[in-house]
>>> print(open('start-v8.cif').read())   # mmCIF, C-alpha atoms
data_structure
#
loop_
_atom_site.label_atom_id
_atom_site.label_comp_id
_atom_site.auth_asym_id
_atom_site.auth_seq_id
_atom_site.Cartn_x
_atom_site.Cartn_y
_atom_site.Cartn_z
CA MET I 272 24.50 23.91 -16.49
CA ASN I 273 21.96 21.10 -16.06
CA ASP I 274 22.67 18.55 -18.81
CA SER I 275 19.43 16.68 -18.08
CA LYS I 276 17.21 19.54 -19.29
CA LEU I 277 15.04 18.35 -22.17
CA SER I 278 15.87 20.29 -25.32
CA MET I 279 13.45 20.70 -28.21
CA ASP I 280 15.99 19.08 -30.54
CA TYR I 281 16.06 15.98 -28.36
CA LEU I 282 12.25 15.85 -28.18
CA ASN I 283 12.05 16.15 -31.96
CA ASP I 284 14.50 13.27 -32.28
CA LEU I 285 12.28 11.15 -30.03
CA ARG I 286 9.30 11.83 -32.27
CA LYS I 287 11.25 11.05 -35.44
CA GLU I 288 12.44 7.77 -33.96
CA TYR I 289 8.86 6.90 -32.96
CA ASP I 290 7.43 7.83 -36.39
CA SER I 291 10.08 5.81 -38.22
CA ASN I 292 8.53 2.53 -37.07
CA PRO I 293 5.11 1.94 -38.73
CA GLU I 294 4.18 -0.59 -36.02
CA ASN I 295 4.10 2.21 -33.46
CA LYS I 296 1.12 3.97 -35.07
CA MET I 297 -0.74 0.69 -35.40
CA LEU I 298 -0.21 -0.12 -31.72
CA GLU I 299 -1.04 3.46 -30.77
CA ARG I 300 -4.43 3.07 -32.42
CA ALA I 301 -5.02 -0.27 -30.72
CA VAL I 302 -4.08 0.92 -27.24
CA THR I 303 -5.78 4.32 -27.33
CA GLN I 304 -9.06 2.75 -28.47
CA ASN I 305 -9.01 -0.41 -26.35
CA GLY I 306 -6.86 0.27 -23.30
CA ILE I 307 -3.49 -1.10 -22.23
CA ASN I 308 -4.73 -4.23 -20.47
CA ASN I 309 -7.10 -5.25 -23.24
CA VAL I 310 -4.30 -5.16 -25.79
CA ALA I 311 -1.64 -6.68 -23.53
CA ARG I 312 -3.83 -9.54 -22.22
CA ASP I 313 -2.57 -13.01 -23.10
CA PRO I 314 -5.47 -14.91 -24.75
CA GLU I 315 -3.99 -18.22 -23.60
CA ALA I 316 -4.46 -17.22 -19.96
CA LYS I 317 -8.02 -18.54 -20.13
CA ILE I 318 -6.61 -22.01 -20.83
CA ARG I 319 -4.12 -21.81 -17.97
CA MET I 320 -6.84 -20.54 -15.64
CA ASN I 321 -9.14 -23.56 -15.96
CA PRO I 322 -10.71 -23.72 -12.45
CA VAL I 323 -10.15 -27.42 -11.80
CA PHE I 324 -8.00 -28.55 -8.87
CA SER I 325 -6.76 -31.94 -7.76
CA VAL I 326 -6.80 -30.91 -4.08
CA GLU I 327 -9.61 -28.82 -2.58
CA ALA I 328 -10.78 -27.94 0.91
CA ASP I 329 -14.53 -28.21 1.47
CA THR I 330 -15.86 -24.64 1.37
CA GLY I 331 -19.06 -22.77 0.63
CA LYS I 332 -20.21 -19.34 -0.46
CA VAL I 333 -17.73 -16.46 -0.33
CA SER I 334 -18.14 -13.45 1.93
CA ASN I 335 -18.05 -9.80 0.90
CA GLN I 336 -16.03 -7.13 2.71
CA LYS I 337 -17.55 -4.52 0.37
CA GLN I 338 -15.93 -1.06 0.56
CA SER I 339 -13.63 -1.76 3.50
CA GLY I 340 -10.06 -2.78 4.21
CA ARG I 341 -10.96 -5.70 6.48
CA CYS I 342 -9.61 -8.46 4.20
CA TRP I 343 -7.18 -9.69 6.89
CA MET I 344 -10.08 -10.19 9.28
CA PHE I 345 -12.36 -11.78 6.68
CA ALA I 346 -9.62 -14.19 5.63
CA LEU I 347 -9.16 -15.50 9.18
CA LEU I 348 -12.90 -15.77 9.81
CA ASN I 349 -13.31 -17.56 6.48
CA THR I 350 -10.79 -20.23 7.49
CA LEU I 351 -12.62 -20.63 10.81
CA LYS I 352 -16.06 -20.86 9.22
CA HIS I 353 -14.87 -23.67 6.94
CA GLU I 354 -13.75 -25.66 9.98
CA PHE I 355 -17.08 -24.94 11.70
CA GLY I 356 -18.98 -26.00 8.59
CA LYS I 357 -17.19 -29.36 8.40
CA LYS I 358 -17.66 -30.12 12.08
CA TYR I 359 -21.26 -29.02 12.53
CA GLY I 360 -22.66 -29.48 9.03
CA VAL I 361 -23.37 -25.81 8.28
CA LYS I 362 -21.36 -25.00 5.15
CA ASP I 363 -22.38 -21.36 4.65
CA PHE I 364 -22.47 -20.24 8.27
CA GLU I 365 -20.76 -16.87 8.70
CA MET I 366 -19.08 -15.18 11.66
CA SER I 367 -19.61 -11.51 12.49
CA GLN I 368 -16.88 -9.45 10.88
CA ASN I 369 -18.43 -6.32 12.36
CA TYR I 370 -17.86 -7.69 15.87
CA LEU I 371 -14.09 -7.96 15.47
CA PHE I 372 -14.04 -4.66 13.60
CA PHE I 373 -15.70 -2.92 16.56
CA TRP I 374 -13.04 -4.08 18.99
CA ASP I 375 -10.24 -3.43 16.52
CA LYS I 376 -11.16 0.24 16.42
CA ILE I 377 -11.06 0.51 20.23
CA GLU I 378 -7.87 -1.49 20.62
CA ARG I 379 -6.13 0.29 17.77
CA ALA I 380 -6.82 3.69 19.33
CA ASN I 381 -5.60 2.43 22.71
CA ILE I 382 -2.24 1.21 21.42
CA PHE I 383 -1.90 4.35 19.27
CA TYR I 384 -2.06 6.51 22.39
CA ASP I 385 0.66 4.39 24.00
CA ASN I 386 2.89 4.76 20.95
CA ILE I 387 2.36 8.52 20.78
CA ILE I 388 3.19 9.00 24.46
CA ALA I 389 6.27 6.78 24.14
CA THR I 390 7.60 8.84 21.21
CA ALA I 391 6.61 12.29 22.50
CA ASP I 392 10.29 13.21 22.95
CA LYS I 393 10.91 12.78 19.23
CA PRO I 394 10.23 15.55 16.68
CA VAL I 395 6.93 15.30 14.86
CA ASP I 396 8.77 14.69 11.58
CA ASP I 397 10.66 11.72 13.04
CA ARG I 398 10.07 8.78 10.73
CA THR I 399 8.58 6.56 13.46
CA VAL I 400 6.21 9.31 14.61
CA GLU I 401 5.22 9.94 11.00
CA PHE I 402 4.46 6.24 10.63
CA TYR I 403 2.09 6.30 13.61
CA LEU I 404 0.39 9.45 12.33
CA ALA I 405 0.05 8.20 8.74
CA GLY I 406 -3.18 6.26 9.27
CA PRO I 407 -4.15 5.67 12.91
CA GLY I 408 -7.82 5.21 12.08
CA THR I 409 -7.56 3.02 9.00
CA ASP I 410 -8.70 -0.60 8.82
CA GLY I 411 -5.95 -2.63 7.12
CA GLY I 412 -4.20 -5.31 9.12
CA GLN I 413 -2.34 -8.59 9.42
CA TRP I 414 -3.06 -12.14 10.54
CA ALA I 415 -1.68 -11.70 14.06
CA MET I 416 -3.91 -8.67 14.55
CA ALA I 417 -7.02 -10.73 13.82
CA VAL I 418 -5.79 -13.49 16.13
CA SER I 419 -5.27 -10.98 18.95
CA LEU I 420 -8.89 -9.87 18.65
CA VAL I 421 -10.29 -13.42 18.52
CA GLN I 422 -8.23 -14.58 21.49
CA LYS I 423 -9.27 -11.61 23.63
CA TYR I 424 -12.89 -11.08 22.57
CA GLY I 425 -13.98 -14.34 20.97
CA ILE I 426 -16.30 -14.39 17.97
CA MET I 427 -20.04 -14.46 17.40
CA PRO I 428 -22.43 -15.42 14.60
CA LYS I 429 -23.05 -12.75 12.00
CA SER I 430 -26.77 -13.03 12.73
CA GLU I 431 -26.11 -11.69 16.24
CA PHE I 432 -24.10 -8.65 15.12
CA PRO I 433 -24.59 -8.03 11.40
CA GLU I 434 -22.87 -5.51 9.17
CA SER I 435 -23.81 -1.84 9.41
CA SER I 436 -23.87 0.76 6.65
CA VAL I 437 -20.56 2.04 7.99
CA SER I 438 -18.82 -1.33 8.31
CA GLU I 439 -19.62 -2.00 4.65
CA ASN I 440 -18.14 1.34 3.59
CA THR I 441 -15.53 2.45 6.09
CA SER I 442 -14.10 5.54 4.39
CA ASP I 443 -16.11 8.08 6.40
CA LEU I 444 -15.36 6.37 9.71
CA ASN I 445 -11.67 6.17 8.85
CA THR I 446 -11.65 9.88 7.97
CA VAL I 447 -13.25 10.84 11.28
CA LEU I 448 -10.99 8.60 13.34
CA ASN I 449 -7.84 9.68 11.51
CA TYR I 450 -8.62 13.31 12.30
CA LYS I 451 -9.67 12.57 15.89
CA LEU I 452 -6.62 10.44 16.69
CA ARG I 453 -4.18 12.92 15.14
CA GLN I 454 -5.72 15.69 17.21
CA ASP I 455 -5.39 13.50 20.30
CA ALA I 456 -1.76 12.83 19.39
CA MET I 457 -1.09 16.56 19.26
CA LYS I 458 -2.67 17.04 22.70
CA LEU I 459 -0.85 14.11 24.29
CA ARG I 460 2.53 15.14 22.88
CA ASN I 461 2.02 18.68 24.16
CA MET I 462 1.05 17.40 27.60
CA VAL I 463 4.11 15.17 27.85
CA ASN I 464 6.48 17.88 26.63
CA ASP I 465 4.91 20.49 28.94
CA GLY I 466 5.61 18.26 31.95
CA VAL I 467 1.97 17.48 32.77
CA SER I 468 1.65 14.78 35.45
CA ASP I 469 1.22 11.13 34.48
CA GLU I 470 -2.11 11.10 36.32
CA ASP I 471 -3.49 13.99 34.27
CA ILE I 472 -2.22 12.43 31.03
CA LYS I 473 -3.88 9.15 31.99
CA GLU I 474 -7.17 10.95 32.65
CA ALA I 475 -7.01 12.79 29.32
CA ARG I 476 -6.16 9.56 27.53
CA SER I 477 -9.15 7.83 29.12
CA GLN I 478 -11.48 10.61 27.98
CA MET I 479 -10.10 10.38 24.46
CA LEU I 480 -10.71 6.63 24.35
CA SER I 481 -14.26 7.17 25.61
CA GLU I 482 -14.85 9.45 22.64
CA VAL I 483 -13.42 6.87 20.23
CA TYR I 484 -15.79 4.30 21.73
CA ARG I 485 -18.73 6.62 21.12
CA ILE I 486 -17.74 7.25 17.50
CA THR I 487 -17.33 3.52 16.92
CA ALA I 488 -20.60 2.62 18.66
CA TYR I 489 -22.59 5.17 16.65
CA SER I 490 -21.05 3.78 13.46
CA LEU I 491 -21.10 0.03 14.02
CA GLY I 492 -23.53 -0.53 16.88
CA VAL I 493 -22.60 -2.07 20.24
CA PRO I 494 -22.13 -5.85 20.36
CA ARG I 495 -24.34 -7.85 22.68
CA GLU I 496 -22.63 -9.38 25.70
CA THR I 497 -24.66 -12.61 25.54
CA PHE I 498 -26.74 -14.32 22.87
CA ASP I 499 -28.58 -17.51 22.01
CA PHE I 500 -27.01 -19.45 19.17
CA GLU I 501 -29.88 -20.70 17.01
CA TYR I 502 -29.46 -22.38 13.63
CA ARG I 503 -30.44 -25.21 11.30
CA ASP I 504 -27.72 -27.41 9.89
CA ASP I 505 -27.53 -28.51 6.25
CA LYS I 506 -29.78 -31.48 7.07
CA LYS I 507 -32.41 -29.02 8.35
CA LYS I 508 -31.99 -30.13 11.96
CA TYR I 509 -32.72 -27.37 14.47
CA HIS I 510 -30.16 -26.42 17.15
CA ILE I 511 -30.15 -23.86 19.96
CA ASP I 512 -27.48 -23.07 22.54
CA ARG I 513 -28.51 -20.44 25.08
CA ASP I 514 -26.76 -17.69 26.99
CA LEU I 515 -23.39 -17.71 25.25
CA THR I 516 -20.76 -14.99 25.31
CA PRO I 517 -18.50 -14.43 22.31
CA LYS I 518 -15.64 -15.95 24.30
CA SER I 519 -17.60 -19.01 25.40
CA PHE I 520 -18.90 -19.46 21.84
CA PHE I 521 -15.36 -19.55 20.46
CA ASP I 522 -14.04 -21.76 23.26
CA LYS I 523 -16.88 -24.25 22.84
CA TYR I 524 -17.31 -24.48 19.08
CA PHE I 525 -13.65 -24.09 18.14
CA ALA I 526 -12.14 -26.03 21.02
CA ASP I 527 -10.00 -28.11 18.66
CA ILE I 528 -8.40 -25.04 17.07
CA ASP I 529 -5.49 -23.45 18.91
CA LEU I 530 -4.50 -20.31 17.03
CA ASP I 531 -1.15 -20.35 18.82
CA ASP I 532 -0.31 -23.50 16.82
CA TYR I 533 -0.16 -21.42 13.63
CA VAL I 534 2.78 -19.46 12.29
CA VAL I 535 3.24 -16.89 9.53
CA LEU I 536 5.77 -17.92 6.90
CA SER I 537 6.99 -15.04 4.74
CA ASN I 538 8.82 -14.89 1.46
CA SER I 539 10.59 -11.54 1.52
CA PRO I 540 13.84 -11.99 -0.42
CA ASP I 541 15.13 -8.57 0.67
CA LYS I 542 15.73 -10.15 4.09
CA ASP I 543 17.80 -13.10 5.22
CA TYR I 544 16.10 -16.49 5.02
CA ALA I 545 15.86 -18.83 8.03
CA LYS I 546 15.40 -15.81 10.30
CA PHE I 547 12.50 -14.95 12.60
CA TYR I 548 11.26 -11.36 12.36
CA SER I 549 8.82 -9.14 14.26
CA MET I 550 7.07 -5.86 13.50
CA SER I 551 5.71 -4.60 16.83
CA ALA I 552 4.92 -1.12 15.48
CA GLN I 553 1.89 -2.65 13.76
CA ASP I 554 0.49 -4.56 16.75
CA ASN I 555 -3.12 -3.59 17.43
CA VAL I 556 -3.76 -5.01 20.93
CA VAL I 557 -1.67 -4.20 24.00
CA GLY I 558 -0.58 -7.58 25.35
CA GLY I 559 -1.91 -9.37 22.27
CA ARG I 560 -0.31 -11.54 19.62
CA ASN I 561 2.92 -10.10 18.25
CA ILE I 562 3.27 -9.69 14.49
CA GLU I 563 6.00 -12.24 13.75
CA PHE I 564 7.02 -14.32 10.75
CA LEU I 565 9.62 -16.85 9.69
CA ASN I 566 11.25 -15.84 6.41
CA LEU I 567 11.79 -18.77 4.04
CA PRO I 568 12.25 -19.52 0.33
CA MET I 569 9.00 -19.69 -1.65
CA GLU I 570 9.26 -23.43 -2.18
CA ASP I 571 9.02 -23.94 1.59
CA LEU I 572 5.87 -21.82 1.79
CA LYS I 573 4.31 -23.86 -1.00
CA LYS I 574 5.21 -27.22 0.52
CA ALA I 575 3.64 -26.30 3.86
CA SER I 576 0.55 -24.86 2.16
CA ILE I 577 0.05 -27.99 0.06
CA ALA I 578 0.35 -30.20 3.14
CA GLN I 579 -2.31 -28.19 4.96
CA LEU I 580 -4.62 -28.18 1.94
CA LYS I 581 -4.27 -31.95 1.60
CA ASP I 582 -5.59 -32.19 5.15
CA GLY I 583 -8.63 -30.19 4.08
CA GLN I 584 -7.77 -26.89 5.75
CA ALA I 585 -7.63 -23.50 4.04
CA VAL I 586 -4.48 -21.37 4.19
CA TRP I 587 -4.52 -17.65 5.06
CA ILE I 588 -2.26 -15.69 2.67
CA SER I 589 -1.17 -12.10 2.06
CA ASN I 590 -0.58 -10.96 -1.49
CA ASP I 591 -0.40 -8.11 -3.99
CA ILE I 592 -3.84 -8.46 -5.58
CA ALA I 593 -3.48 -5.46 -7.90
CA GLN I 594 -0.60 -7.02 -9.83
CA GLN I 595 -1.31 -9.03 -13.00
CA SER I 596 -4.93 -9.73 -12.04
CA GLU I 597 -8.31 -9.61 -13.72
CA ARG I 598 -10.99 -9.07 -11.12
CA LYS I 599 -14.12 -10.02 -13.06
CA ALA I 600 -12.69 -13.23 -14.51
CA GLY I 601 -10.84 -14.07 -11.31
CA TYR I 602 -7.45 -14.56 -12.98
CA LEU I 603 -4.09 -14.24 -11.22
CA ASP I 604 -1.20 -14.92 -13.58
CA SER I 605 2.24 -13.28 -13.80
CA ASN I 606 1.95 -13.42 -17.60
CA LEU I 607 -1.64 -12.25 -17.85
CA TYR I 608 -0.73 -8.82 -19.24
CA ARG I 609 2.32 -8.88 -21.49
CA TYR I 610 3.38 -5.28 -21.04
CA ALA I 611 7.00 -5.95 -22.02
CA ASP I 612 5.89 -7.47 -25.34
CA LEU I 613 3.40 -4.70 -26.03
CA PHE I 614 5.79 -1.82 -25.39
CA ASN I 615 8.93 -3.66 -26.53
CA ILE I 616 10.80 -2.94 -23.30
CA ASP I 617 12.59 -4.96 -20.64
CA LEU I 618 10.50 -5.02 -17.44
CA SER I 619 12.41 -7.72 -15.62
CA MET I 620 12.75 -7.29 -11.84
CA SER I 621 13.26 -9.98 -9.25
CA LYS I 622 10.97 -10.27 -6.24
CA LYS I 623 13.81 -8.88 -4.13
CA ASP I 624 14.16 -5.93 -6.52
CA ARG I 625 10.46 -5.17 -6.31
CA PHE I 626 10.55 -5.14 -2.50
CA GLU I 627 13.61 -2.90 -2.39
CA TYR I 628 12.26 -0.44 -4.96
CA HIS I 629 8.71 -0.23 -3.57
CA ASP I 630 6.96 -2.08 -6.36
CA ALA I 631 5.91 -4.96 -4.08
CA GLU I 632 3.07 -4.20 -1.68
CA VAL I 633 1.26 -6.40 0.82
CA SER I 634 -2.13 -5.09 -0.26
CA HIS I 635 -4.61 -7.90 0.39
CA ALA I 636 -5.32 -11.02 2.43
CA THR I 637 -7.26 -14.04 1.18
CA ALA I 638 -7.27 -17.82 1.63
CA LEU I 639 -5.97 -20.69 -0.46
CA THR I 640 -8.59 -23.42 -0.66
CA GLY I 641 -7.17 -25.69 -3.35
CA VAL I 642 -4.23 -26.58 -5.56
CA ASP I 643 -3.80 -28.47 -8.82
CA LEU I 644 -0.81 -30.81 -8.67
CA VAL I 645 0.93 -32.42 -11.63
CA ASP I 646 3.66 -34.90 -10.66
CA ASP I 647 3.35 -33.51 -7.12
CA GLN I 648 4.18 -29.99 -8.35
CA PRO I 649 1.66 -27.12 -8.21
CA ARG I 650 0.60 -25.51 -11.48
CA ARG I 651 -2.34 -23.46 -10.21
CA TRP I 652 -4.08 -22.63 -6.94
CA LYS I 653 -7.65 -21.92 -5.88
CA MET I 654 -8.06 -18.71 -3.90
CA GLU I 655 -11.07 -17.63 -1.86
CA ASN I 656 -11.51 -13.88 -2.02
CA SER I 657 -13.85 -11.71 0.06
CA TRP I 658 -15.23 -9.49 -2.70
CA GLY I 659 -18.55 -11.25 -3.19
CA ALA I 660 -19.72 -13.87 -5.67
CA LYS I 661 -19.85 -11.65 -8.78
CA ASN I 662 -16.09 -11.77 -9.31
CA GLY I 663 -14.17 -14.83 -10.49
CA PHE I 664 -16.04 -18.13 -10.42
CA ASP I 665 -18.58 -17.58 -7.64
CA GLY I 666 -16.06 -15.38 -5.84
CA TYR I 667 -13.11 -17.76 -6.13
CA TYR I 668 -10.01 -16.96 -8.16
CA THR I 669 -7.62 -19.14 -10.14
CA MET I 670 -3.98 -18.41 -9.39
CA ASP I 671 -1.20 -19.58 -11.69
CA ASP I 672 1.84 -20.90 -9.84
CA SER I 673 3.89 -18.08 -11.38
CA TRP I 674 1.69 -15.58 -9.54
CA MET I 675 2.10 -17.54 -6.32
CA ASN I 676 5.87 -17.20 -6.73
CA ASP I 677 5.83 -13.52 -7.58
CA TYR I 678 2.98 -11.94 -5.63
CA VAL I 679 2.22 -14.06 -2.55
CA TYR I 680 4.25 -12.86 0.41
CA GLU I 681 2.93 -14.72 3.47
CA VAL I 682 1.11 -17.95 4.28
CA VAL I 683 -0.21 -19.10 7.65
CA VAL I 684 0.14 -22.79 8.45
CA ASN I 685 -0.01 -25.07 11.44
CA LYS I 686 3.45 -25.64 12.88
CA LYS I 687 3.01 -29.38 12.40
CA TYR I 688 3.61 -28.86 8.68
CA LEU I 689 7.08 -27.42 9.29
CA THR I 690 10.25 -29.46 9.18
CA ASP I 691 12.14 -30.01 12.43
CA LYS I 692 14.76 -27.53 11.28
CA GLN I 693 12.11 -24.90 10.57
CA LYS I 694 10.54 -25.45 13.99
CA GLU I 695 13.92 -24.82 15.58
CA MET I 696 14.11 -21.50 13.74
CA LEU I 697 11.03 -20.33 15.67
CA ASN I 698 13.09 -20.40 18.87
CA GLN I 699 15.25 -17.51 17.66
CA ALA I 700 14.84 -14.12 19.30
CA PRO I 701 12.87 -12.20 16.67
CA ILE I 702 14.67 -9.48 14.73
CA GLU I 703 12.67 -6.27 15.07
CA LEU I 704 11.93 -4.59 11.74
CA LYS I 705 11.41 -0.91 11.12
CA PRO I 706 7.75 0.20 11.10
CA TRP I 707 8.05 1.08 7.41
CA ASP I 708 9.50 -2.28 6.37
CA SER I 709 8.55 -3.63 2.95
CA LEU I 710 6.16 -6.16 4.55
CA GLU I 711 4.12 -3.53 6.40
#
>>> encode(input="start-v8.cif", output="structure tokens")
Amino acid sequence: MNDSKLSMDYLNDLRKEYDSNPENKMLERAVTQNGINNVARDPEAKIRMNPVFSVEADTGKVSNQKQSGRCWMFALLNTLKHEFGKKYGVKDFEMSQNYLFFWDKIERANIFYDNIIATADKPVDDRTVEFYLAGPGTDGGQWAMAVSLVQKYGIMPKSEFPESSVSENTSDLNTVLNYKLRQDAMKLRNMVNDGVSDEDIKEARSQMLSEVYRITAYSLGVPRETFDFEYRDDKKKYHIDRDLTPKSFFDKYFADIDLDDYVVLSNSPDKDYAKFYSMSAQDNVVGGRNIEFLNLPMEDLKKASIAQLKDGQAVWISNDIAQQSERKAGYLDSNLYRYADLFNIDLSMSKKDRFEYHDAEVSHATALTGVDLVDDQPRRWKMENSWGAKNGFDGYYTMDDSWMNDYVYEVVVNKKYLTDKQKEMLNQAPIELKPWDSLE
């Protein structure tokens, strides 16, 4: 007999218990007519979210990734454009996100084929194989993936390779590529398991990649190999630099930025602190930057971020943007919606608990551009999003320090802001994580 079966007597008891409290009907009316978040919202959040900061990097207008998952790419390019703006006096200059997106699609397919061939001896329901097949054509990513693309292909002005209809709404392209790459995976696995020669597999793989290139080119356009960089600075002075390649453009105009000097610091309490981790299953470029991070307590992430912000440089971060956030107002506050108070239940979970029980998700990447310090301690942060200027205050969000503690999982800082002990930790052999780790 199954004792957990819901009996009608038990269900009637639940209703009687509910009806016995007159507050329940009052709150039922409030919630059904106004919605959960509207009733649970803390009215004092507006006071806490005052968008004034004692430390701010010099930034300009926000970008807009529109209906795409390219936040990780936008966040890196945003940090680079701020450095360009300070150096060359062009605050709102923007890099081509579509350019990196083009090469990401090609590179991602290429490494996918390698992974499928390498795991062809495993059953198709093997967890690693399932991970590779879950979304081979999607467009989410991590900081190291963007760095790999920049270091291999360079960058170019947005004016030289602007957005396309598809880059601004990637769902159809992702659908086509997911289907195409899964079909290719089936063919490659069959070829390997049927004993087809390496030469024939290589030829088939090359043809498959040619087809991915064609799909991507039709959808995004084909980037120019050379261009003339023509612009006016904020003082209206005209500049032109002829016959540049994306690589030479990056090497020339960002010569003082070495992306290898930057490190990802994570706060993932379900793992040991002071350890260096890697997640090679998510790498997007063969021979590119490995996805690696040093896991530290949150206070260490905040100290390094504050130091970098004080030097006027934005900080790339990954976070869980869907949690305790109000998009239109641009509020990020762990106590924004008081669900526990509204429903009279205990909703306490630690950050470690949320990682272990799949409540924490690395869902978005943005940039910190400011912090408000009181007695040298942060009480709120300024965050640059990439969802356009209609959200928040001109596209920027105010983040309470509680939200930083609870829902920010990674920051990217220059190694010079680490302590000597933390720098030594980077010399550890990285511990390889499972593809489905909580930080994926």
>>> closest_residue(input="start-v8.cif", among="I:Ile388, I:Asn321, I:Tyr370, I:Ile616", to="Val467 of chain I", atoms="all atoms listed in the file")
I:Ile388
>>> closest_atom_pairs(input="start-v8.cif", of="segment 332-383 of chain I", to="segment 588-598 of chain I", cutoff="10 Å", atoms="only C-alpha atoms", output="JSON lines")
{"residue": "I:Cys342", "atom": "CA", "partner": "I:Ser589", "partner_atom": "CA", "distance": 9.4}
{"residue": "I:Trp343", "atom": "CA", "partner": "I:Ser589", "partner_atom": "CA", "distance": 8.1}
{"residue": "I:Ala346", "atom": "CA", "partner": "I:Ile588", "partner_atom": "CA", "distance": 8.1}
{"residue": "I:Leu347", "atom": "CA", "partner": "I:Ile588", "partner_atom": "CA", "distance": 9.5}
>>> closest_residue(input="start-v8.cif", among="I:Leu704, I:Leu618, I:Leu480, I:Met670", to="Ala316 of chain I", atoms="only C-alpha atoms")
I:Met670
>>> closest_residue(input="start-v8.cif", among="I:Ser539, I:Thr390, I:Ser325, I:Asn309", to="Leu644 of chain I", atoms="all atoms listed in the file")
I:Ser325
>>> resolve_selection(input="start-v8.cif", expression="the PyMOL selection byres ((chain I and resi 350) around 8)", output="compact mmCIF listing (two decimals) with C-alpha atoms, in the frame of the given file")
# COMPACT_ATOMS: atom_id res chain seq x y z
CA ALA I 346 -9.62 -14.19 5.63
CA LEU I 347 -9.16 -15.50 9.18
CA LEU I 348 -12.90 -15.77 9.81
CA ASN I 349 -13.31 -17.56 6.48
CA LEU I 351 -12.62 -20.63 10.81
CA LYS I 352 -16.06 -20.86 9.22
CA HIS I 353 -14.87 -23.67 6.94
CA GLU I 354 -13.75 -25.66 9.98
CA GLN I 584 -7.77 -26.89 5.75
CA ALA I 585 -7.63 -23.50 4.04
CA VAL I 586 -4.48 -21.37 4.19
CA TRP I 587 -4.52 -17.65 5.06
CA ALA I 638 -7.27 -17.82 1.63
>>> atom_distance(input="start-v8.cif", atom1="atom CA of Met654 of chain I", atom2="atom CA of Leu536 of chain I")
17.6 Å
>>> resolve_selection(input="start-v8.cif", expression="the PyMOL selection byres ((chain I and resi 564-577) around 6)", output="list in words")
Val535, Leu536, Ser537, Asn538, Tyr544, Ala545, Lys546, Phe547, Tyr548, Glu563, Ala578, Gln579, Leu580 and Tyr688 of chain I
>>> closest_residue(input="start-v8.cif", among="I:Ala328, I:Ile486, I:Leu448, I:Met550", to="Leu639 of chain I", atoms="all atoms listed in the file")
I:Ala328
>>> resolve_selection(input="start-v8.cif", expression="the PyMOL selection byres ((chain I and resi 667) around 6)", output="list in words")
Met654, Glu655, Asn656, Gly663, Phe664, Asp665, Gly666 and Tyr668 of chain I
>>> closest_atom_pairs(input="start-v8.cif", of="segment 320-372 of chain I", to="segment 496-505 of chain I", cutoff="10 Å", atoms="only C-alpha atoms", output="JSON lines")
{"residue": "I:Gly356", "atom": "CA", "partner": "I:Asp504", "partner_atom": "CA", "distance": 8.9}
{"residue": "I:Tyr359", "atom": "CA", "partner": "I:Asp504", "partner_atom": "CA", "distance": 7.2}
{"residue": "I:Gly360", "atom": "CA", "partner": "I:Asp504", "partner_atom": "CA", "distance": 5.5}
{"residue": "I:Val361", "atom": "CA", "partner": "I:Asp504", "partner_atom": "CA", "distance": 4.9}
{"residue": "I:Lys362", "atom": "CA", "partner": "I:Asp505", "partner_atom": "CA", "distance": 7.2}
{"residue": "I:Asp363", "atom": "CA", "partner": "I:Asp505", "partner_atom": "CA", "distance": 9.0}
{"residue": "I:Phe364", "atom": "CA", "partner": "I:Asp504", "partner_atom": "CA", "distance": 9.0}
>>> residues_around(input="start-v8.cif", residues="Ser673 of chain I", least_positions_apart="3", cutoff="10 Å", atoms="all atoms listed in the file", output="number ranges by chain")
I: 603-606, 649-651, 670, 676-679
>>> atom_distance(input="start-v8.cif", atom1="atom CA of Ala380 of chain I", atom2="atom CA of Asn555 of chain I")
8.4 Å
>>> closest_residue(input="start-v8.cif", among="I:Val437, I:Ala631, I:Met457, I:Val326", to="Ala488 of chain I", atoms="all atoms listed in the file")
I:Val437
>>> residues_around(input="start-v8.cif", residues="Met366 of chain I", least_positions_apart="5", cutoff="10 Å", atoms="only C-alpha atoms", output="JSON, numbers by chain")
{"I": [334, 345, 348, 349, 351, 352, 355, 371, 426, 427, 428, 429, 430, 431, 432, 433]}
>>> atom_distance(input="start-v8.cif", atom1="atom CA of Asp643 of chain I", atom2="atom CA of Leu689 of chain I")
21.2 Å
>>> closest_residue(input="start-v8.cif", among="I:Arg398, I:Asp329, I:Gly659, I:Glu315", to="Lys581 of chain I", atoms="all atoms listed in the file")
I:Asp329
